[in-house]
$ cat final.txt   # compact mmCIF, C-alpha atoms
# COMPACT_ATOMS: atom_id res chain seq x y z
CA MET K 4 0.00 0.00 0.00
CA ALA K 5 1.38 3.38 -1.02
CA SER K 6 0.90 6.49 1.10
CA ILE K 7 1.30 9.79 -0.76
CA ARG K 8 1.18 13.13 1.03
CA LYS K 9 2.39 16.69 0.52
CA LEU K 10 4.76 18.10 3.14
CA THR K 11 4.54 21.77 4.10
CA ASP K 12 8.09 22.44 5.31
CA GLY K 13 9.10 24.33 2.15
CA ARG K 14 11.35 21.66 0.66
CA ALA K 15 12.00 21.52 -3.11
CA LYS K 16 10.43 18.04 -3.33
CA PRO K 17 7.35 18.18 -1.09
CA TRP K 18 5.55 15.03 -2.25
CA GLN K 19 6.46 12.07 -0.01
CA VAL K 20 5.83 8.44 -0.92
CA ARG K 21 5.89 5.66 1.70
CA ILE K 22 5.23 2.10 0.60
CA THR K 23 4.40 -0.75 2.97
CA ARG K 24 3.82 -4.33 1.93
CA LYS K 25 4.09 -7.72 3.62
CA GLY K 26 5.03 -5.94 6.85
CA GLN K 27 8.00 -4.21 5.17
CA THR K 28 8.13 -0.41 4.94
CA LEU K 29 10.53 1.04 2.40
CA PRO K 30 12.45 4.27 3.08
CA PRO K 31 10.46 7.38 2.00
CA ASN K 32 11.07 8.97 -1.39
CA TYR K 33 10.36 12.56 -2.37
CA PHE K 34 9.20 14.18 -5.62
CA ARG K 35 8.50 17.62 -7.03
CA THR K 36 4.97 16.85 -8.25
CA LYS K 37 2.10 14.60 -7.29
CA THR K 38 2.18 13.04 -10.77
CA GLU K 39 5.81 11.97 -10.27
CA ALA K 40 4.96 10.55 -6.85
CA LYS K 41 2.02 8.52 -8.20
CA GLY K 42 4.12 7.21 -11.09
CA PHE K 43 6.86 6.05 -8.74
CA ALA K 44 4.39 4.38 -6.37
CA ALA K 45 2.76 2.50 -9.25
CA LYS K 46 6.14 1.31 -10.54
CA VAL K 47 7.24 0.03 -7.13
CA GLU K 48 3.95 -1.71 -6.36
CA ALA K 49 4.06 -3.45 -9.77
CA ASP K 50 7.40 -5.06 -8.92
CA PHE K 51 7.73 -4.74 -5.17
CA ASP K 52 10.30 -7.49 -4.67
CA ARG K 53 12.80 -5.93 -7.08
CA TRP K 54 12.34 -2.38 -5.82
CA SER K 55 12.51 -3.37 -2.17
CA LYS K 56 16.00 -4.71 -2.85
CA VAL K 57 16.98 -1.56 -4.69
CA LEU K 58 15.52 0.99 -2.28
CA GLY K 59 16.35 -0.76 0.94
CA GLY K 60 19.55 -2.54 0.03
CA GLU K 61 22.88 -2.00 -1.62
CA LEU K 62 22.16 1.37 -3.21
CA ARG K 63 21.78 2.81 0.30
CA LYS K 64 24.86 1.01 1.62
CA HIS K 65 27.31 1.98 -1.11
CA THR K 66 28.55 5.42 -2.08
CA LEU K 67 29.60 7.10 -5.29
CA ALA K 68 33.21 6.63 -4.18
CA ASP K 69 32.63 2.85 -4.08
CA LEU K 70 31.34 2.91 -7.66
CA ILE K 71 34.25 5.03 -8.93
CA ASP K 72 36.86 2.87 -7.21
CA ARG K 73 35.33 -0.32 -8.57
CA TYR K 74 35.17 1.12 -12.07
CA MET K 75 38.84 2.16 -12.00
CA GLN K 76 39.81 -1.40 -11.06
CA VAL K 77 38.40 -2.76 -14.32
CA HIS K 78 38.93 0.22 -16.62
CA ASP K 79 41.56 -0.40 -19.29
CA GLY K 80 41.11 2.68 -21.48
CA LYS K 81 43.85 5.08 -22.57
CA ASP K 82 42.34 8.39 -21.42
CA HIS K 83 45.02 9.84 -19.12
CA ASN K 84 42.59 12.53 -17.90
CA LEU K 85 39.98 10.07 -16.63
CA SER K 86 41.41 9.67 -13.13
CA SER K 87 41.55 13.43 -12.53
CA ARG K 88 37.98 13.92 -13.78
CA LEU K 89 36.65 11.09 -11.62
CA GLY K 90 38.78 12.48 -8.79
CA TRP K 91 36.71 15.67 -8.93
CA TRP K 92 33.49 13.66 -8.54
CA ARG K 93 34.99 11.56 -5.75
CA ASP K 94 36.24 14.56 -3.78
CA ARG K 95 32.91 16.41 -3.88
CA TYR K 96 30.29 13.66 -4.04
CA GLY K 97 32.11 10.53 -2.91
CA ASP K 98 30.15 10.30 0.35
CA VAL K 99 26.76 10.47 -1.37
CA THR K 100 25.02 7.09 -1.47
CA LEU K 101 24.09 5.67 -4.86
CA ALA K 102 20.43 5.82 -3.85
CA GLU K 103 20.76 9.57 -3.23
CA PHE K 104 22.74 10.37 -6.37
CA THR K 105 19.89 11.23 -8.73
CA ALA K 106 19.54 13.11 -12.00
CA ASP K 107 18.96 16.28 -9.95
CA THR K 108 22.24 15.70 -8.13
CA ALA K 109 23.97 15.24 -11.48
CA ARG K 110 22.54 18.49 -12.84
CA GLU K 111 23.52 20.43 -9.72
CA ALA K 112 27.06 19.03 -9.92
CA LEU K 113 27.45 19.97 -13.58
CA ALA K 114 26.22 23.47 -12.80
CA SER K 115 28.88 23.69 -10.10
CA LEU K 116 31.52 22.55 -12.60
CA GLU K 117 30.33 25.25 -14.96
CA MET K 118 30.78 28.01 -12.37
CA GLU K 119 34.19 26.99 -11.04
CA ARG K 120 37.23 28.89 -12.24
CA VAL K 121 40.23 26.70 -12.87
CA GLY K 122 43.97 27.28 -13.01
CA ARG K 123 46.22 26.49 -15.94
CA GLY K 124 49.33 24.34 -15.74
CA SER K 125 51.08 24.87 -12.39
CA HIS K 126 49.15 28.09 -11.68
CA PRO K 127 46.20 27.95 -9.25
CA ALA K 128 42.86 29.51 -10.05
CA GLY K 129 42.62 33.27 -9.58
CA GLU K 130 40.36 36.20 -10.35
CA ASN K 131 41.36 36.18 -14.00
CA SER K 132 40.96 32.42 -14.43
CA LYS K 133 38.32 31.21 -16.83
CA PRO K 134 35.57 28.66 -16.10
CA ARG K 135 35.52 25.29 -17.80
CA SER K 136 34.32 25.12 -21.38
CA GLY K 137 31.20 23.25 -22.44
CA SER K 138 33.31 20.49 -24.01
CA THR K 139 35.28 20.03 -20.77
CA ILE K 140 32.09 19.76 -18.72
CA ASN K 141 30.82 17.14 -21.17
CA ARG K 142 34.00 15.11 -20.56
CA TYR K 143 33.42 15.20 -16.80
CA LYS K 144 29.83 14.12 -17.36
CA SER K 145 30.89 11.27 -19.66
CA ALA K 146 33.49 10.05 -17.17
CA LEU K 147 31.00 9.45 -14.36
CA SER K 148 28.28 8.30 -16.74
CA ALA K 149 30.68 5.55 -17.87
CA CYS K 150 30.91 4.37 -14.25
CA PHE K 151 27.14 4.03 -14.01
CA LYS K 152 26.96 2.29 -17.39
CA ALA K 153 29.56 -0.23 -16.26
CA GLY K 154 27.64 -0.79 -13.03
CA LEU K 155 24.41 -1.41 -14.91
CA ASP K 156 26.09 -3.82 -17.33
CA ARG K 157 27.86 -5.76 -14.57
CA GLY K 158 25.07 -5.70 -11.98
CA TRP K 159 26.98 -3.72 -9.36
CA TYR K 160 25.18 -2.70 -6.16
CA GLY K 161 21.71 -3.22 -7.62
CA LEU K 162 22.01 -0.24 -9.98
CA LYS K 163 18.92 0.16 -12.16
CA ASP K 164 19.33 3.63 -13.68
CA ASN K 165 22.01 5.95 -14.99
CA PRO K 166 21.29 9.42 -13.50
CA PHE K 167 22.97 11.05 -16.51
CA ALA K 168 20.67 9.39 -19.06
CA GLY K 169 18.34 12.37 -19.30
CA VAL K 170 20.91 15.12 -18.78
CA ARG K 171 21.64 17.14 -21.92
CA GLN K 172 25.13 17.82 -23.22
CA ARG K 173 26.60 21.29 -22.85
CA LYS K 174 27.00 23.24 -26.08
CA GLU K 175 30.54 22.95 -27.42
CA GLY K 176 32.36 25.77 -29.15
CA SER K 177 33.16 25.89 -32.85
CA SER K 178 36.81 25.08 -32.07
CA ARG K 179 35.89 21.55 -31.01
CA PHE K 180 37.60 20.03 -34.03
CA GLY K 181 40.62 22.27 -33.73
CA ARG K 182 42.33 24.51 -36.24
CA CYS K 183 45.39 24.58 -38.44
CA LEU K 184 48.45 26.76 -37.89
CA GLU K 185 48.91 29.46 -40.50
CA ASP K 186 52.37 29.89 -42.01
CA ASP K 187 53.22 33.09 -40.12
CA GLU K 188 51.87 31.67 -36.85
CA ARG K 189 53.92 28.51 -37.28
CA ALA K 190 57.17 30.43 -37.80
CA ARG K 191 56.57 32.54 -34.68
CA LEU K 192 55.57 29.54 -32.62
CA LEU K 193 58.62 27.45 -33.56
CA GLU K 194 60.94 30.33 -32.76
CA ALA K 195 59.28 30.83 -29.36
CA CYS K 196 59.46 27.12 -28.59
CA ASP K 197 63.16 27.00 -29.49
CA GLN K 198 63.79 29.80 -26.99
CA SER K 199 61.86 28.15 -24.14
CA SER K 200 63.82 28.21 -20.88
CA THR K 201 61.09 26.31 -19.03
CA TRP K 202 61.36 23.17 -21.15
CA PRO K 203 64.31 23.12 -23.62
CA ASP K 204 62.79 20.15 -25.48
CA LEU K 205 59.66 22.10 -26.44
CA GLY K 206 60.93 22.92 -29.95
CA LEU K 207 61.67 19.28 -30.70
CA PHE K 208 58.35 18.19 -29.19
CA VAL K 209 56.33 20.62 -31.35
CA ARG K 210 58.19 19.67 -34.54
CA LEU K 211 57.58 15.97 -33.91
CA ALA K 212 53.88 16.67 -33.30
CA LEU K 213 53.64 18.58 -36.57
CA ALA K 214 55.68 16.00 -38.50
CA THR K 215 53.94 12.86 -37.23
CA GLY K 216 50.49 13.96 -36.05
CA ALA K 217 51.19 12.11 -32.80
CA ARG K 218 49.14 12.92 -29.72
CA ARG K 219 50.71 14.61 -26.72
CA GLY K 220 50.63 11.44 -24.60
CA GLU K 221 52.09 9.33 -27.41
CA LEU K 222 55.10 11.62 -27.70
CA LEU K 223 55.65 11.98 -23.95
CA LYS K 224 55.77 8.17 -23.66
CA LEU K 225 58.09 7.74 -26.68
CA GLU K 226 61.26 5.79 -25.82
CA TRP K 227 64.59 5.69 -27.63
CA ARG K 228 64.15 1.96 -28.36
CA ASP K 229 61.23 2.96 -30.61
CA VAL K 230 63.21 5.57 -32.56
CA ASP K 231 64.75 4.15 -35.74
CA LEU K 232 67.17 6.87 -36.83
CA LYS K 233 68.72 4.70 -39.53
CA GLY K 234 65.42 3.74 -41.13
CA GLY K 235 63.84 7.09 -40.33
CA SER K 236 60.72 6.29 -38.31
CA ILE K 237 59.26 6.16 -34.81
CA LEU K 238 57.02 3.52 -33.28
CA LEU K 239 54.14 4.84 -31.19
CA ARG K 240 53.02 2.23 -28.67
CA ALA K 241 49.78 1.82 -26.73
CA THR K 242 48.05 4.62 -28.60
CA LYS K 243 44.57 5.93 -27.81
CA ASN K 244 42.86 3.36 -30.05
CA GLY K 245 44.95 0.55 -28.58
CA ASP K 246 47.12 -0.16 -31.65
CA ASP K 247 50.83 0.48 -32.14
CA ARG K 248 51.71 2.44 -35.25
CA ARG K 249 54.94 3.34 -37.04
CA VAL K 250 55.25 6.80 -38.57
CA PRO K 251 57.97 8.08 -40.95
CA LEU K 252 60.43 10.53 -39.40
CA LEU K 253 61.03 13.59 -41.57
CA GLY K 254 64.03 15.81 -42.29
CA ASP K 255 64.42 18.48 -39.59
CA ALA K 256 62.76 16.42 -36.87
CA ARG K 257 65.02 13.50 -37.75
CA LEU K 258 68.14 15.68 -37.61
CA LEU K 259 67.15 17.09 -34.24
CA LEU K 260 66.52 13.62 -32.85
CA GLU K 261 69.90 12.45 -34.12
CA ALA K 262 71.56 15.36 -32.32
CA ARG K 263 69.57 14.70 -29.14
CA ALA K 264 70.44 10.99 -29.19
CA LYS K 265 74.11 11.88 -28.77
CA VAL K 266 73.49 13.71 -25.48
CA ARG K 267 70.47 11.83 -24.13
CA LYS K 268 70.20 10.67 -20.53
CA LEU K 269 71.38 7.11 -20.02
CA ASP K 270 69.23 6.57 -16.91
CA ASP K 271 65.94 7.43 -18.63
CA MET K 272 64.73 5.66 -21.77
CA ARG K 273 62.23 8.36 -22.72
CA VAL K 274 62.94 10.81 -25.51
CA PHE K 275 61.31 13.54 -23.39
CA PRO K 276 62.29 12.76 -19.78
CA GLY K 277 61.20 16.24 -18.70
CA GLY K 278 57.76 15.65 -20.16
CA SER K 279 56.58 12.80 -17.96
CA ALA K 280 53.01 12.59 -16.71
CA GLY K 281 54.25 13.71 -13.28
CA GLU K 282 55.67 16.89 -14.82
CA GLU K 283 52.70 17.64 -17.06
CA ALA K 284 52.36 21.07 -15.46
CA ASN K 285 55.87 21.94 -16.69
CA VAL K 286 54.92 21.08 -20.26
CA GLU K 287 51.69 23.08 -20.01
CA TYR K 288 53.47 26.11 -18.56
CA ALA K 289 56.19 26.05 -21.24
CA TRP K 290 53.56 25.67 -23.96
CA ARG K 291 51.47 28.55 -22.60
CA LYS K 292 54.48 30.88 -22.39
CA ALA K 293 55.52 30.01 -25.96
CA LYS K 294 51.98 30.66 -27.22
CA GLU K 295 51.89 34.04 -25.52
CA SER K 296 55.25 34.97 -27.01
CA ALA K 297 54.13 33.84 -30.50
CA GLN K 298 50.69 35.48 -30.10
CA VAL K 299 48.74 32.28 -30.81
CA GLU K 300 46.96 32.06 -27.44
CA THR K 301 43.96 30.11 -28.79
CA LEU K 302 46.09 27.21 -30.05
CA ARG K 303 46.04 23.86 -28.24
CA ILE K 304 48.74 21.19 -28.32
CA HIS K 305 46.17 18.92 -29.97
CA ASP K 306 45.86 21.45 -32.80
CA LEU K 307 49.39 20.47 -33.90
CA ARG K 308 47.89 17.10 -34.76
CA HIS K 309 45.06 18.80 -36.67
CA SER K 310 47.64 20.89 -38.49
CA CYS K 311 49.52 17.80 -39.63
CA GLY K 312 46.30 16.30 -40.97
CA SER K 313 45.45 19.56 -42.75
CA TYR K 314 48.86 19.74 -44.42
CA LEU K 315 48.44 16.17 -45.65
CA ALA K 316 44.96 16.92 -46.99
CA ARG K 317 46.23 19.98 -48.87
CA ALA K 318 48.93 17.84 -50.47
CA GLY K 319 46.29 15.47 -51.85
CA ALA K 320 46.40 12.70 -49.26
CA SER K 321 43.30 10.51 -49.21
CA ALA K 322 41.18 10.15 -46.10
CA PHE K 323 42.47 6.58 -45.89
CA GLN K 324 46.11 7.73 -45.88
CA ILE K 325 45.46 10.44 -43.30
CA ALA K 326 43.67 7.92 -41.07
CA ALA K 327 46.63 5.55 -41.33
CA ILE K 328 49.21 8.21 -40.50
CA LEU K 329 47.27 9.79 -37.63
CA GLY K 330 46.09 6.49 -36.21
CA HIS K 331 42.34 6.89 -36.73
CA ARG K 332 40.15 3.81 -36.88
CA SER K 333 38.49 3.46 -40.27
CA GLY K 334 36.20 0.48 -39.91
CA PRO K 335 36.65 -3.26 -39.53
CA GLY K 336 38.31 -3.70 -42.93
CA LEU K 337 41.30 -1.55 -41.93
CA THR K 338 43.56 -4.01 -40.12
CA ALA K 339 46.55 -2.94 -38.04
CA ARG K 340 48.92 -4.54 -40.56
CA TYR K 341 47.40 -2.67 -43.49
CA VAL K 342 47.45 0.64 -41.61
CA HIS K 343 51.16 0.14 -40.96
CA LEU K 344 51.88 -0.45 -44.65
CA VAL K 345 49.85 2.56 -45.76
CA ALA K 346 51.65 4.83 -43.30
CA GLU K 347 55.07 3.61 -44.45
CA ASP K 348 54.18 3.94 -48.12
CA SER K 349 53.12 7.54 -47.49
CA ARG K 350 56.64 8.74 -46.70
CA GLY K 351 57.00 10.57 -50.03
CA LEU K 352 53.61 12.18 -49.59
CA MET K 353 54.53 13.34 -46.08
CA GLU K 354 57.85 14.76 -47.29
CA SER K 355 55.99 16.73 -49.95
CA ALA K 356 53.20 17.92 -47.62
CA LEU K 357 55.44 18.92 -44.74
CA ALA K 358 58.40 20.34 -46.66
CA GLY K 359 59.28 23.65 -45.04
CA VAL K 360 56.71 23.24 -42.31
CA LEU K 361 59.07 22.23 -39.51
CA GLY K 362 61.46 25.12 -40.18
CA GLY K 363 63.72 25.79 -37.29
CA ARG K 364 67.16 25.44 -35.98
CA ALA K 365 69.75 23.11 -37.38
CA ALA K 366 70.95 20.14 -35.41
CA GLU K 367 73.76 21.11 -33.08

$ encode --input "final.txt" --output "structure tokens"
Amino acid sequence: MASIRKLTDGRAKPWQVRITRKGQTLPPNYFRTKTEAKGFAAKVEADFDRWSKVLGGELRKHTLADLIDRYMQVHDGKDHNLSSRLGWWRDRYGDVTLAEFTADTAREALASLEMERVGRGSHPAGENSKPRSGSTINRYKSALSACFKAGLDRGWYGLKDNPFAGVRQRKEGSSRFGRCLEDDERARLLEACDQSSTWPDLGLFVRLALATGARRGELLKLEWRDVDLKGGSILLRATKNGDDRRVPLLGDARLLLEARAKVRKLDDMRVFPGGSAGEEANVEYAWRKAKESAQVETLRIHDLRHSCGSYLARAGASAFQIAAILGHRSGPGLTARYVHLVAEDSRGLMESALAGVLGGRAAE
């Protein structure tokens, strides 16, 4: 038997539903309207056994932190930002029980994300800091939504709903797909990167990104064992889509790597030992300072990858060739072996497309 009544204490959800059956009384639930309350009562009474387990059981015993921790134990994706995004949810809502974390809670949390001002690189947030963009908020939303989806699929804690299912995406700006460096911007940027005192490897890093279309994380994890200076290529391992890929190494970038190999650290196998995940703030700070000096403040590191793809497209590369070089998935017929061959066979095309693009200082 369901008891529905309206409370008069001024709460946002005044309609209370109490359900008692077979001597068992479920914890009360609250709704904004009488229609919502009646709908919930009818749903519970239609399948009382299932809902009594949900409302009175594990969802009230376990917290959002439990769900996030369990998800991270089984997650095998390549998104290096996932842990920090889920860390935000855990810090602020980790103590909330799964029964209490509703769509309204999700909306309130996203609104809070939208209002927060965040720092950049190693600099904390200040009065001049900007709030998160719509695309960033969507990534935070997707991160926690993935936890709930995994819980539903695996039957964790009696989860029956994903609170983000009905929450709309934030509008993303027109720069979502990035932009391409113009010739004058590129020359200024490379000069500024070469003069970086924060991270001396920034010039080499940017040229490799432009020459190979590699992602930031792929380059920061690059090891000398995967650099073939004689054959002129680099092997990118454990990429975002899970496949290794070999990319031709072009003129100036190749010369700079040859020079760097002669003075590299013997106790660190990475090409960019100062660009480790633990020193990500250093990379961000150096990049931001170089952008300011070159007057290309709106450029992202990921736009170097877009620029490489744009240069290839201008030179007449097919979508298939660009996908192979940049490591995009192009359907089930594009096997890892075939992608590797296409990328290697595109060396001449890349030389033609990127001739003069890398500019810069000669190998010392």

$ closest_residue --input "final.txt" --among "K:Cys150, K:Leu155, K:Val170, K:Thr23" --to "Ala112 in chain K" --atoms "only C-alpha atoms"
K:Val170

$ atom_distance --input "final.txt" --atom1 "CA of Asp94 in chain K" --atom2 "CA of Glu175 in chain K"
25.7 Å

$ residues_around --input "final.txt" --residues "Ala212 in chain K" --least-positions-apart "2" --cutoff "9 Å" --atoms "only C-alpha atoms" --output "MDAnalysis selection string"
chainID K and resid 207:210 214:219 222 304:305 307:308 311

$ axis_aligned_box --input "final.txt" --around "range 242-250 of chain K" --padding-each-side "8 Å" --output "JSON"
{"center_x": 49.1, "center_y": 3.3, "center_z": -33.2, "size_x": 28.4, "size_y": 23.0, "size_z": 26.8}

$ residues_near_point --input "final.txt" --point "(29.3, 0.4, 0.3)" --cutoff "12 Å" --atoms "only C-alpha atoms" --output "list in words"
Gly60, Glu61, Leu62, Arg63, Lys64, His65, Thr66, Leu67, Ala68, Asp69, Leu70, Ile71, Asp72, Arg73, Gly97, Asp98, Val99, Thr100, Leu101, Ala102, Trp159, Tyr160 and Gly161 of chain K

$ atom_distance --input "final.txt" --atom1 "CA of Ala40 in chain K" --atom2 "CA of Leu10 in chain K"
12.5 Å

$ build_atoms --input "final.txt" --residues "range 285-316 of chain K" --atoms "N, CA and C atoms" --output "PDB file, in the coordinates of the input"
ATOM      1  N   ASN K 285      54.714  21.299 -16.065  1.00  0.00           N
ATOM      2  CA  ASN K 285      55.870  21.940 -16.690  1.00  0.00           C
ATOM      3  C   ASN K 285      55.664  22.107 -18.181  1.00  0.00           C
ATOM      4  N   VAL K 286      55.170  21.050 -18.819  1.00  0.00           N
ATOM      5  CA  VAL K 286      54.920  21.080 -20.260  1.00  0.00           C
ATOM      6  C   VAL K 286      53.855  22.133 -20.569  1.00  0.00           C
ATOM      7  N   GLU K 287      52.778  22.128 -19.788  1.00  0.00           N
ATOM      8  CA  GLU K 287      51.690  23.080 -20.010  1.00  0.00           C
ATOM      9  C   GLU K 287      52.173  24.517 -19.846  1.00  0.00           C
ATOM     10  N   TYR K 288      52.991  24.756 -18.805  1.00  0.00           N
ATOM     11  CA  TYR K 288      53.470  26.110 -18.560  1.00  0.00           C
ATOM     12  C   TYR K 288      54.374  26.575 -19.699  1.00  0.00           C
ATOM     13  N   ALA K 289      55.295  25.695 -20.130  1.00  0.00           N
ATOM     14  CA  ALA K 289      56.190  26.050 -21.240  1.00  0.00           C
ATOM     15  C   ALA K 289      55.402  26.331 -22.507  1.00  0.00           C
ATOM     16  N   TRP K 290      54.388  25.501 -22.773  1.00  0.00           N
ATOM     17  CA  TRP K 290      53.560  25.670 -23.960  1.00  0.00           C
ATOM     18  C   TRP K 290      52.790  26.996 -23.904  1.00  0.00           C
ATOM     19  N   ARG K 291      52.240  27.316 -22.734  1.00  0.00           N
ATOM     20  CA  ARG K 291      51.470  28.550 -22.600  1.00  0.00           C
ATOM     21  C   ARG K 291      52.359  29.777 -22.800  1.00  0.00           C
ATOM     22  N   LYS K 292      53.561  29.743 -22.230  1.00  0.00           N
ATOM     23  CA  LYS K 292      54.480  30.880 -22.390  1.00  0.00           C
ATOM     24  C   LYS K 292      54.894  31.056 -23.844  1.00  0.00           C
ATOM     25  N   ALA K 293      55.142  29.929 -24.543  1.00  0.00           N
ATOM     26  CA  ALA K 293      55.520  30.010 -25.960  1.00  0.00           C
ATOM     27  C   ALA K 293      54.369  30.560 -26.790  1.00  0.00           C
ATOM     28  N   LYS K 294      53.143  30.147 -26.484  1.00  0.00           N
ATOM     29  CA  LYS K 294      51.980  30.660 -27.220  1.00  0.00           C
ATOM     30  C   LYS K 294      51.827  32.160 -27.027  1.00  0.00           C
ATOM     31  N   GLU K 295      52.008  32.607 -25.787  1.00  0.00           N
ATOM     32  CA  GLU K 295      51.890  34.040 -25.520  1.00  0.00           C
ATOM     33  C   GLU K 295      52.938  34.821 -26.295  1.00  0.00           C
ATOM     34  N   SER K 296      54.170  34.294 -26.297  1.00  0.00           N
ATOM     35  CA  SER K 296      55.250  34.970 -27.010  1.00  0.00           C
ATOM     36  C   SER K 296      54.980  35.014 -28.517  1.00  0.00           C
ATOM     37  N   ALA K 297      54.397  33.931 -29.060  1.00  0.00           N
ATOM     38  CA  ALA K 297      54.130  33.840 -30.500  1.00  0.00           C
ATOM     39  C   ALA K 297      52.780  34.449 -30.887  1.00  0.00           C
ATOM     40  N   GLN K 298      52.000  34.882 -29.880  1.00  0.00           N
ATOM     41  CA  GLN K 298      50.690  35.480 -30.100  1.00  0.00           C
ATOM     42  C   GLN K 298      49.720  34.521 -30.807  1.00  0.00           C
ATOM     43  N   VAL K 299      49.696  33.287 -30.316  1.00  0.00           N
ATOM     44  CA  VAL K 299      48.740  32.280 -30.810  1.00  0.00           C
ATOM     45  C   VAL K 299      48.043  31.647 -29.602  1.00  0.00           C
ATOM     46  N   GLU K 300      47.494  32.517 -28.726  1.00  0.00           N
ATOM     47  CA  GLU K 300      46.960  32.060 -27.440  1.00  0.00           C
ATOM     48  C   GLU K 300      45.849  31.025 -27.569  1.00  0.00           C
ATOM     49  N   THR K 301      45.093  31.026 -28.663  1.00  0.00           N
ATOM     50  CA  THR K 301      43.960  30.110 -28.790  1.00  0.00           C
ATOM     51  C   THR K 301      44.366  28.710 -29.235  1.00  0.00           C
ATOM     52  N   LEU K 302      45.633  28.499 -29.525  1.00  0.00           N
ATOM     53  CA  LEU K 302      46.090  27.210 -30.050  1.00  0.00           C
ATOM     54  C   LEU K 302      46.250  26.188 -28.917  1.00  0.00           C
ATOM     55  N   ARG K 303      45.840  24.959 -29.173  1.00  0.00           N
ATOM     56  CA  ARG K 303      46.040  23.860 -28.240  1.00  0.00           C
ATOM     57  C   ARG K 303      47.127  22.932 -28.774  1.00  0.00           C
ATOM     58  N   ILE K 304      47.736  22.163 -27.876  1.00  0.00           N
ATOM     59  CA  ILE K 304      48.740  21.190 -28.320  1.00  0.00           C
ATOM     60  C   ILE K 304      48.104  20.217 -29.317  1.00  0.00           C
ATOM     61  N   HIS K 305      46.845  19.862 -29.084  1.00  0.00           N
ATOM     62  CA  HIS K 305      46.170  18.920 -29.970  1.00  0.00           C
ATOM     63  C   HIS K 305      45.984  19.499 -31.377  1.00  0.00           C
ATOM     64  N   ASP K 306      46.005  20.828 -31.486  1.00  0.00           N
ATOM     65  CA  ASP K 306      45.860  21.450 -32.800  1.00  0.00           C
ATOM     66  C   ASP K 306      47.083  21.207 -33.688  1.00  0.00           C
ATOM     67  N   LEU K 307      48.215  20.837 -33.097  1.00  0.00           N
ATOM     68  CA  LEU K 307      49.390  20.470 -33.900  1.00  0.00           C
ATOM     69  C   LEU K 307      49.072  19.211 -34.699  1.00  0.00           C
ATOM     70  N   ARG K 308      48.336  18.318 -34.077  1.00  0.00           N
ATOM     71  CA  ARG K 308      47.890  17.100 -34.760  1.00  0.00           C
ATOM     72  C   ARG K 308      46.922  17.437 -35.895  1.00  0.00           C
ATOM     73  N   HIS K 309      45.981  18.357 -35.619  1.00  0.00           N
ATOM     74  CA  HIS K 309      45.060  18.800 -36.670  1.00  0.00           C
ATOM     75  C   HIS K 309      45.822  19.456 -37.816  1.00  0.00           C
ATOM     76  N   SER K 310      46.851  20.217 -37.462  1.00  0.00           N
ATOM     77  CA  SER K 310      47.640  20.890 -38.490  1.00  0.00           C
ATOM     78  C   SER K 310      48.316  19.885 -39.399  1.00  0.00           C
ATOM     79  N   CYS K 311      48.885  18.836 -38.824  1.00  0.00           N
ATOM     80  CA  CYS K 311      49.520  17.800 -39.630  1.00  0.00           C
ATOM     81  C   CYS K 311      48.521  17.189 -40.600  1.00  0.00           C
ATOM     82  N   GLY K 312      47.332  16.864 -40.106  1.00  0.00           N
ATOM     83  CA  GLY K 312      46.300  16.300 -40.970  1.00  0.00           C
ATOM     84  C   GLY K 312      45.888  17.257 -42.070  1.00  0.00           C
ATOM     85  N   SER K 313      45.818  18.554 -41.738  1.00  0.00           N
ATOM     86  CA  SER K 313      45.450  19.560 -42.750  1.00  0.00           C
ATOM     87  C   SER K 313      46.510  19.681 -43.830  1.00  0.00           C
ATOM     88  N   TYR K 314      47.789  19.661 -43.430  1.00  0.00           N
ATOM     89  CA  TYR K 314      48.860  19.740 -44.420  1.00  0.00           C
ATOM     90  C   TYR K 314      48.808  18.552 -45.375  1.00  0.00           C
ATOM     91  N   LEU K 315      48.534  17.376 -44.823  1.00  0.00           N
ATOM     92  CA  LEU K 315      48.440  16.170 -45.650  1.00  0.00           C
ATOM     93  C   LEU K 315      47.267  16.277 -46.632  1.00  0.00           C
ATOM     94  N   ALA K 316      46.138  16.788 -46.128  1.00  0.00           N
ATOM     95  CA  ALA K 316      44.960  16.920 -46.990  1.00  0.00           C
ATOM     96  C   ALA K 316      45.237  17.894 -48.131  1.00  0.00           C
TER      97      ALA K 316
END
